[in-house]
Protein chains: 2
Amino acid sequence: MKQSLGAKTIAVPTPVWLIGTYDEEDKPNLMTAAWGGICCSRPPCVQVSLRAATYSHGNIKRRKAFTVNIPSDEHWREADYIGIVSGRDNDKIADAGFTVSKSLLVDAPMVEECGLVIECRLKETIELGLHTMFVGEIMDVKADEAVLSGDKLDIKKLQPIIFNPGDSGYFKVGEKISDAFKQRIPP
Amino acid sequence: MKQSLGAKTIAVPTPVWLIGTYDEEDKPNLMTAAWGGICCSRPPCVQVSLRAATYSHGNIKRRKAFTVNIPSDEHWREADYIGIVSGRDNDKIADAGFTVSKSLLVDAPMVEECGLVIECRLKETIELGLHTMFVGEIMDVKADEAVLSGDKLDIKKLQPIIFNPGDSGYFKVGEKISDAFKQRIPP
């Protein structure tokens with residue numbers, strides 16, 4: 001018999017992604033988002049959902065672009081800090097010790113210290129309530145060689161952070177279970 | 001210097017969720033989805049993105065409801081199987097050894113063997129291309145006592161599966177890094 005936890009945003013895994021944007025004066029900003037996920041294969045799309053109160057929200061509306069930068073667990077303090085402080089009044093990118101450069105494909109900054117960066121052009125804006133969902137079309141994914149095995153993303157090398165909204169905890173990625181798409185008969 | 005991986009759906013973590021629906025004749029169906037994520041806090045919402053070719057797609061359009069059932073890593077073979085076979089021609093729920101019961105809150109079935117179930121009423125349907133994004137308003141989250149510590153979801157007890165689209169691998173959740181929202185000064 002299951003018990004009710006209420007109508008809450010409890011689902012796992014959720015990501016810890018740094019969303020990169022430029023403001024009106026070309027100042028780069030980052031914010032940390034856990035409300036996001038892939039949402040289409042063709043065209044390839046990813047959604048991130050932000051509150052209208054965030055500085056990044058206005059930046060995406062104006063510049064029609066963002067990056068998804070995936071920090072490793074070594075940078076959990078930086079990611080946590082960037083999720084707490086507003087870029088409106090702080091230079092939190094420098095404070096976090098991060099370096100950004102302009103994406104050549106989209107009008108948004110990329111974080112050098114993140115092993116994987118997804119460059120997105122804004123495709124859809126959907127008002128859901130407290131959060132606005134921004135659907136970005138993925139124009140390219142860029143990776144450090146250090147997070148690849150051959151030409152494929154190695155999640156154990158990237159070591160992204162897993163967030164559990166149920167207890168506000170950050171977790172590591174553990175051991176590999178299996179390759180997918182193998183079980184063609186009932187288990 | 002980062003290298004280009006192309007315009008692909010490479011982002012981590014992505015979930016392995018079983019989406020529960022009823023068809024026109026009240027036959028329950030499950031499909032496995034990795035394209036999904038939370039997308040609003042108030043009202044609480046979660047998105048799952050499915051191809052129009054799937055049986056579940058028509059079910060959600062008609063019944064305006066779905067559940068998100070989170071299997072543990074012990075059930076990775078069942079989740080993988082359910083992601084490969086169509087419910088149009090198979091009784092894959094029985095084949096996987098799963099038991100479903102009707103949600104009291106929404107018009108969709110819940111999987112007994114999944115430690116966490118999210119009951120959703122369809123709120124928005126957004127056509128993105130190959131995939132349709134279904135945004136569900138979360139009406140309740142139901143959990144087995146075995147996946148809770150106190151009244152909070154314990155991700156180490158639930159042990160959800162992490163999917164890496166970059167190499168089509170399933171992974172476990174590893175050790176806890178920290179509680180979130182702690183780093184109020186630059187790290």
# chains A, B, ... in the order shown; residues from 1 in each chain; ligands from 1
call {"tool": "residues_around", "arguments": {"residues": "Gly83 (chain A)", "least_positions_apart": "3", "cutoff": "8 Å", "atoms": "only C-alpha atoms", "output": "JSON, numbers by chain"}}
result
{"A": [31, 32, 33, 79, 80, 86], "B": [181]}
call {"tool": "write_last_selection", "arguments": {"atoms": "N, CA, C and O atoms", "output": "CSV table (one decimal), in the first residue's frame"}}
result
chain,number,residue,atom,x,y,z
A,31,MET,N,22.7,30.4,-14.4
A,31,MET,CA,21.8,30.0,-13.3
A,31,MET,C,21.8,28.4,-13.3
A,31,MET,O,22.0,27.8,-14.3
A,32,THR,N,21.5,27.9,-12.1
A,32,THR,CA,21.4,26.4,-12.0
A,32,THR,C,20.0,26.0,-12.1
A,32,THR,O,19.1,26.6,-11.5
A,33,ALA,N,19.7,25.0,-12.9
A,33,ALA,CA,18.4,24.5,-13.1
A,33,ALA,C,18.3,23.0,-12.9
A,33,ALA,O,19.2,22.3,-13.4
A,79,ALA,N,28.1,25.0,-8.6
A,79,ALA,CA,26.8,24.9,-9.1
A,79,ALA,C,25.7,25.3,-8.0
A,79,ALA,O,24.8,26.0,-8.3
A,80,ASP,N,26.0,24.9,-6.8
A,80,ASP,CA,25.1,25.3,-5.7
A,80,ASP,C,25.0,26.8,-5.5
A,80,ASP,O,24.0,27.4,-5.4
A,86,SER,N,21.8,35.8,-7.4
A,86,SER,CA,21.3,36.3,-8.6
A,86,SER,C,22.4,37.0,-9.4
A,86,SER,O,23.2,37.7,-8.8
B,181,PHE,N,21.7,23.9,-1.6
B,181,PHE,CA,21.3,25.2,-1.1
B,181,PHE,C,22.1,25.5,0.2
B,181,PHE,O,21.5,26.0,1.2
call {"tool": "residues_around", "arguments": {"residues": "Ala11 (chain A)", "least_positions_apart": "6", "cutoff": "8 Å", "atoms": "only C-alpha atoms", "output": "PyMOL selection string"}}
result
(chain A and resi 164-166) or (chain B and resi 37-38+118)
call {"tool": "write_last_selection", "arguments": {"atoms": "N, CA, C and O atoms", "output": "mmCIF file, in the first residue's frame"}}
result
data_model
loop_
_atom_site.group_PDB
_atom_site.id
_atom_site.type_symbol
_atom_site.label_atom_id
_atom_site.label_comp_id
_atom_site.auth_asym_id
_atom_site.auth_seq_id
_atom_site.Cartn_x
_atom_site.Cartn_y
_atom_site.Cartn_z
ATOM 1 N N ASN A 164 18.016 15.109 -6.169
ATOM 2 C CA ASN A 164 16.765 14.524 -5.684
ATOM 3 C C ASN A 164 15.918 15.624 -5.046
ATOM 4 O O ASN A 164 16.207 16.057 -3.925
ATOM 5 N N PRO A 165 14.870 16.097 -5.744
ATOM 6 C CA PRO A 165 14.025 17.146 -5.167
ATOM 7 C C PRO A 165 13.313 16.681 -3.893
ATOM 8 O O PRO A 165 12.873 17.504 -3.099
ATOM 9 N N GLY A 166 13.228 15.374 -3.710
ATOM 10 C CA GLY A 166 12.513 14.832 -2.551
ATOM 11 C C GLY A 166 13.186 15.141 -1.228
ATOM 12 O O GLY A 166 12.511 15.279 -0.203
ATOM 13 N N GLY B 37 10.967 15.292 -17.705
ATOM 14 C CA GLY B 37 11.550 16.044 -16.597
ATOM 15 C C GLY B 37 10.515 16.949 -15.971
ATOM 16 O O GLY B 37 9.465 17.221 -16.564
ATOM 17 N N ILE B 38 10.802 17.398 -14.771
ATOM 18 C CA ILE B 38 9.916 18.354 -14.113
ATOM 19 C C ILE B 38 9.983 19.671 -14.873
ATOM 20 O O ILE B 38 11.028 20.039 -15.414
ATOM 21 N N ILE B 118 3.861 8.915 -9.929
ATOM 22 C CA ILE B 118 3.387 10.295 -10.044
ATOM 23 C C ILE B 118 2.114 10.273 -10.880
ATOM 24 O O ILE B 118 2.120 9.783 -12.015
#
call {"tool": "closest_atom_pairs", "arguments": {"of": "region 41-69 of chain B", "to": "region 131-147 of chain B", "cutoff": "8 Å", "atoms": "only C-alpha atoms", "output": "tab-separated table"}}
result
residue	atom	partner	partner_atom	distance
B:Pro43	CA	B:Glu137	CA	6.7
B:Pro44	CA	B:Ile138	CA	5.4
B:Cys45	CA	B:Glu137	CA	4.4
B:Val46	CA	B:Gly136	CA	5.4
B:Gln47	CA	B:Val135	CA	4.3
B:Val48	CA	B:Phe134	CA	5.4
B:Ser49	CA	B:Met133	CA	4.2
B:Leu50	CA	B:His131	CA	5.1
B:Arg51	CA	B:His131	CA	4.4
B:Ala52	CA	B:His131	CA	6.6
B:Ala65	CA	B:Gly136	CA	7.4
B:Phe66	CA	B:Gly136	CA	7.6
call {"tool": "write_last_selection", "arguments": {"atoms": "all heavy atoms", "output": "short mmCIF file (atom, residue, chain, number, x, y, z; two decimals), in the first residue's frame"}}
result
data_model
loop_
_atom_site.label_atom_id
_atom_site.label_comp_id
_atom_site.auth_asym_id
_atom_site.auth_seq_id
_atom_site.Cartn_x
_atom_site.Cartn_y
_atom_site.Cartn_z
N PRO B 43 1.50 25.32 -10.78
CA PRO B 43 1.17 23.99 -10.29
C PRO B 43 2.33 23.03 -10.59
O PRO B 43 3.04 23.24 -11.58
CB PRO B 43 -0.08 23.60 -11.10
CG PRO B 43 0.05 24.36 -12.38
CD PRO B 43 0.70 25.67 -11.99
N PRO B 44 2.50 22.00 -9.78
CA PRO B 44 3.56 21.04 -10.04
C PRO B 44 3.28 20.28 -11.34
O PRO B 44 2.20 19.73 -11.52
CB PRO B 44 3.52 20.10 -8.83
CG PRO B 44 2.15 20.25 -8.27
CD PRO B 44 1.70 21.65 -8.58
N CYS B 45 4.29 20.31 -12.23
CA CYS B 45 4.10 19.68 -13.55
C CYS B 45 5.33 18.88 -13.95
O CYS B 45 6.46 19.24 -13.59
CB CYS B 45 3.88 20.73 -14.64
SG CYS B 45 2.38 21.68 -14.48
N VAL B 46 5.09 17.84 -14.73
CA VAL B 46 6.16 17.02 -15.28
C VAL B 46 5.85 16.81 -16.76
O VAL B 46 4.69 16.70 -17.15
CB VAL B 46 6.28 15.69 -14.52
CG1 VAL B 46 5.02 14.85 -14.64
CG2 VAL B 46 7.50 14.89 -14.95
N GLN B 47 6.91 16.83 -17.59
CA GLN B 47 6.69 16.59 -19.02
C GLN B 47 7.27 15.24 -19.41
O GLN B 47 8.33 14.83 -18.91
CB GLN B 47 7.29 17.71 -19.89
CG GLN B 47 8.79 17.85 -19.89
CD GLN B 47 9.52 17.03 -20.96
OE1 GLN B 47 8.90 16.37 -21.80
NE2 GLN B 47 10.85 17.06 -20.91
N VAL B 48 6.54 14.54 -20.29
CA VAL B 48 7.09 13.35 -20.95
C VAL B 48 6.83 13.53 -22.44
O VAL B 48 5.79 14.05 -22.85
CB VAL B 48 6.46 12.04 -20.43
CG1 VAL B 48 6.79 11.82 -18.97
CG2 VAL B 48 4.97 12.00 -20.65
N SER B 49 7.81 13.12 -23.24
CA SER B 49 7.73 13.35 -24.68
C SER B 49 7.76 12.02 -25.41
O SER B 49 8.68 11.22 -25.22
CB SER B 49 8.87 14.27 -25.13
OG SER B 49 8.74 15.53 -24.51
N LEU B 50 6.72 11.79 -26.21
CA LEU B 50 6.53 10.50 -26.87
C LEU B 50 6.35 10.70 -28.37
O LEU B 50 5.81 11.71 -28.82
CB LEU B 50 5.26 9.81 -26.34
CG LEU B 50 5.06 9.73 -24.82
CD1 LEU B 50 3.78 8.96 -24.50
CD2 LEU B 50 6.24 9.08 -24.13
N ARG B 51 6.76 9.71 -29.14
CA ARG B 51 6.49 9.74 -30.58
C ARG B 51 5.03 9.43 -30.85
O ARG B 51 4.41 8.63 -30.13
CB ARG B 51 7.38 8.70 -31.29
CG ARG B 51 8.85 9.09 -31.37
CD ARG B 51 9.69 7.98 -32.01
NE ARG B 51 9.68 6.78 -31.19
CZ ARG B 51 9.14 5.62 -31.55
NH1 ARG B 51 8.59 5.48 -32.75
NH2 ARG B 51 9.14 4.60 -30.74
N ALA B 52 4.48 10.04 -31.89
CA ALA B 52 3.07 9.82 -32.23
C ALA B 52 2.82 8.36 -32.59
O ALA B 52 1.69 7.86 -32.46
CB ALA B 52 2.68 10.72 -33.40
N ALA B 65 -4.67 11.72 -19.32
CA ALA B 65 -4.03 11.38 -18.05
C ALA B 65 -2.92 10.37 -18.30
O ALA B 65 -2.93 9.64 -19.29
CB ALA B 65 -5.04 10.79 -17.08
N PHE B 66 -1.96 10.36 -17.38
CA PHE B 66 -0.90 9.34 -17.39
C PHE B 66 -0.27 9.29 -16.01
O PHE B 66 -0.46 10.20 -15.20
CB PHE B 66 0.14 9.63 -18.48
CG PHE B 66 0.89 10.94 -18.34
CD1 PHE B 66 2.07 11.04 -17.61
CD2 PHE B 66 0.39 12.10 -18.95
CE1 PHE B 66 2.75 12.25 -17.50
CE2 PHE B 66 1.07 13.32 -18.83
CZ PHE B 66 2.26 13.39 -18.10
#
call {"tool": "closest_residue", "arguments": {"among": "B:Pro109, B:Pro187, B:Pro28, B:Gly58", "to": "chain A", "atoms": "only C-alpha atoms"}}
result
B:Pro187
call {"tool": "select_by_dssp", "arguments": {"residues": "region 22-173 of chain A", "states": "alpha helix (DSSP H)", "output": "ChimeraX atom specification"}}
result
/A:55-63,76-84,92-95,155-158
call {"tool": "atom_distance", "arguments": {"atom1": "CA of Glu78 (chain B)", "atom2": "CA of Ala96 (chain B)"}}
result
5.4 Å
call {"tool": "residues_around", "arguments": {"residues": "Lys92 (chain A)", "least_positions_apart": "5", "cutoff": "8 Å", "atoms": "only C-alpha atoms", "output": "tab-separated table (two decimals) with C-alpha atoms, in the first residue's frame"}}
result
chain	number	residue	atom	x	y	z
A	29	ASN	CA	24.99	34.98	-16.73
A	30	LEU	CA	24.61	31.47	-15.36
A	82	ILE	CA	25.25	29.82	-8.80
A	85	VAL	CA	22.87	34.08	-5.94
A	86	SER	CA	21.29	36.30	-8.64
A	87	GLY	CA	23.35	37.51	-11.57
B	186	PRO	CA	31.66	31.94	-3.34
call {"tool": "residues_around", "arguments": {"residues": "region 169-178 of chain A", "least_positions_apart": "3", "cutoff": "9 Å", "atoms": "only C-alpha atoms", "output": "PyMOL selection string"}}
result
(chain A and resi 16+73+76+155-156+159-166+182) or (chain B and resi 13+73+76+155+161-162+168-180)
call {"tool": "atom_distance", "arguments": {"atom1": "CA of Leu158 (chain B)", "atom2": "CA of Asn69 (chain A)"}}
result
27.3 Å
call {"tool": "atom_distance", "arguments": {"atom1": "CA of Val12 (chain A)", "atom2": "CA of Glu74 (chain B)"}}
result
15.8 Å
call {"tool": "select_by_dssp", "arguments": {"residues": "region 74-147 of chain A", "states": "strand (DSSP E or B)", "output": "short mmCIF file (atom, residue, chain, number, x, y, z; two decimals) with C-alpha atoms, in the first residue's frame"}}
result
data_model
loop_
_atom_site.label_atom_id
_atom_site.label_comp_id
_atom_site.auth_asym_id
_atom_site.auth_seq_id
_atom_site.Cartn_x
_atom_site.Cartn_y
_atom_site.Cartn_z
CA VAL A 100 32.96 31.67 -20.33
CA SER A 101 33.37 32.13 -24.05
CA LYS A 102 30.83 32.99 -26.73
CA PRO A 109 28.03 31.92 -23.41
CA MET A 110 29.63 28.50 -22.81
CA VAL A 111 31.40 27.46 -19.60
CA LEU A 116 29.67 19.01 -21.90
CA VAL A 117 27.85 22.02 -23.35
CA ILE A 118 24.61 22.02 -25.35
CA GLU A 119 24.03 25.04 -27.61
CA CYS A 120 20.36 25.92 -28.02
CA ARG A 121 18.28 28.31 -30.06
CA LEU A 122 14.93 29.14 -28.46
CA LYS A 123 12.17 27.24 -30.25
CA GLU A 124 9.12 27.47 -27.96
CA THR A 125 8.15 29.42 -24.84
CA ILE A 126 5.37 27.88 -22.79
CA GLU A 127 3.93 29.58 -19.71
CA HIS A 131 7.76 28.46 -14.29
CA THR A 132 8.16 29.26 -17.97
CA MET A 133 9.30 26.34 -20.09
CA PHE A 134 11.87 27.25 -22.71
CA VAL A 135 12.28 24.62 -25.40
CA GLY A 136 15.62 24.97 -27.13
CA GLU A 137 16.55 23.38 -30.40
CA ILE A 138 19.95 21.76 -29.96
CA MET A 139 22.29 23.22 -32.60
CA ASP A 140 25.36 21.33 -31.37
CA VAL A 141 26.77 19.48 -28.38
CA LYS A 142 30.38 20.21 -27.48
CA ALA A 143 32.52 18.02 -25.27
#
call {"tool": "closest_residue", "arguments": {"among": "A:Arg42, A:Tyr55, A:Gly36, A:Thr67", "to": "Asp23 (chain A)", "atoms": "only C-alpha atoms"}}
result
A:Tyr55
call {"tool": "closest_residue", "arguments": {"among": "B:Ile10, B:Glu24, B:Phe98, B:Lys157", "to": "chain A", "atoms": "only C-alpha atoms"}}
result
B:Ile10
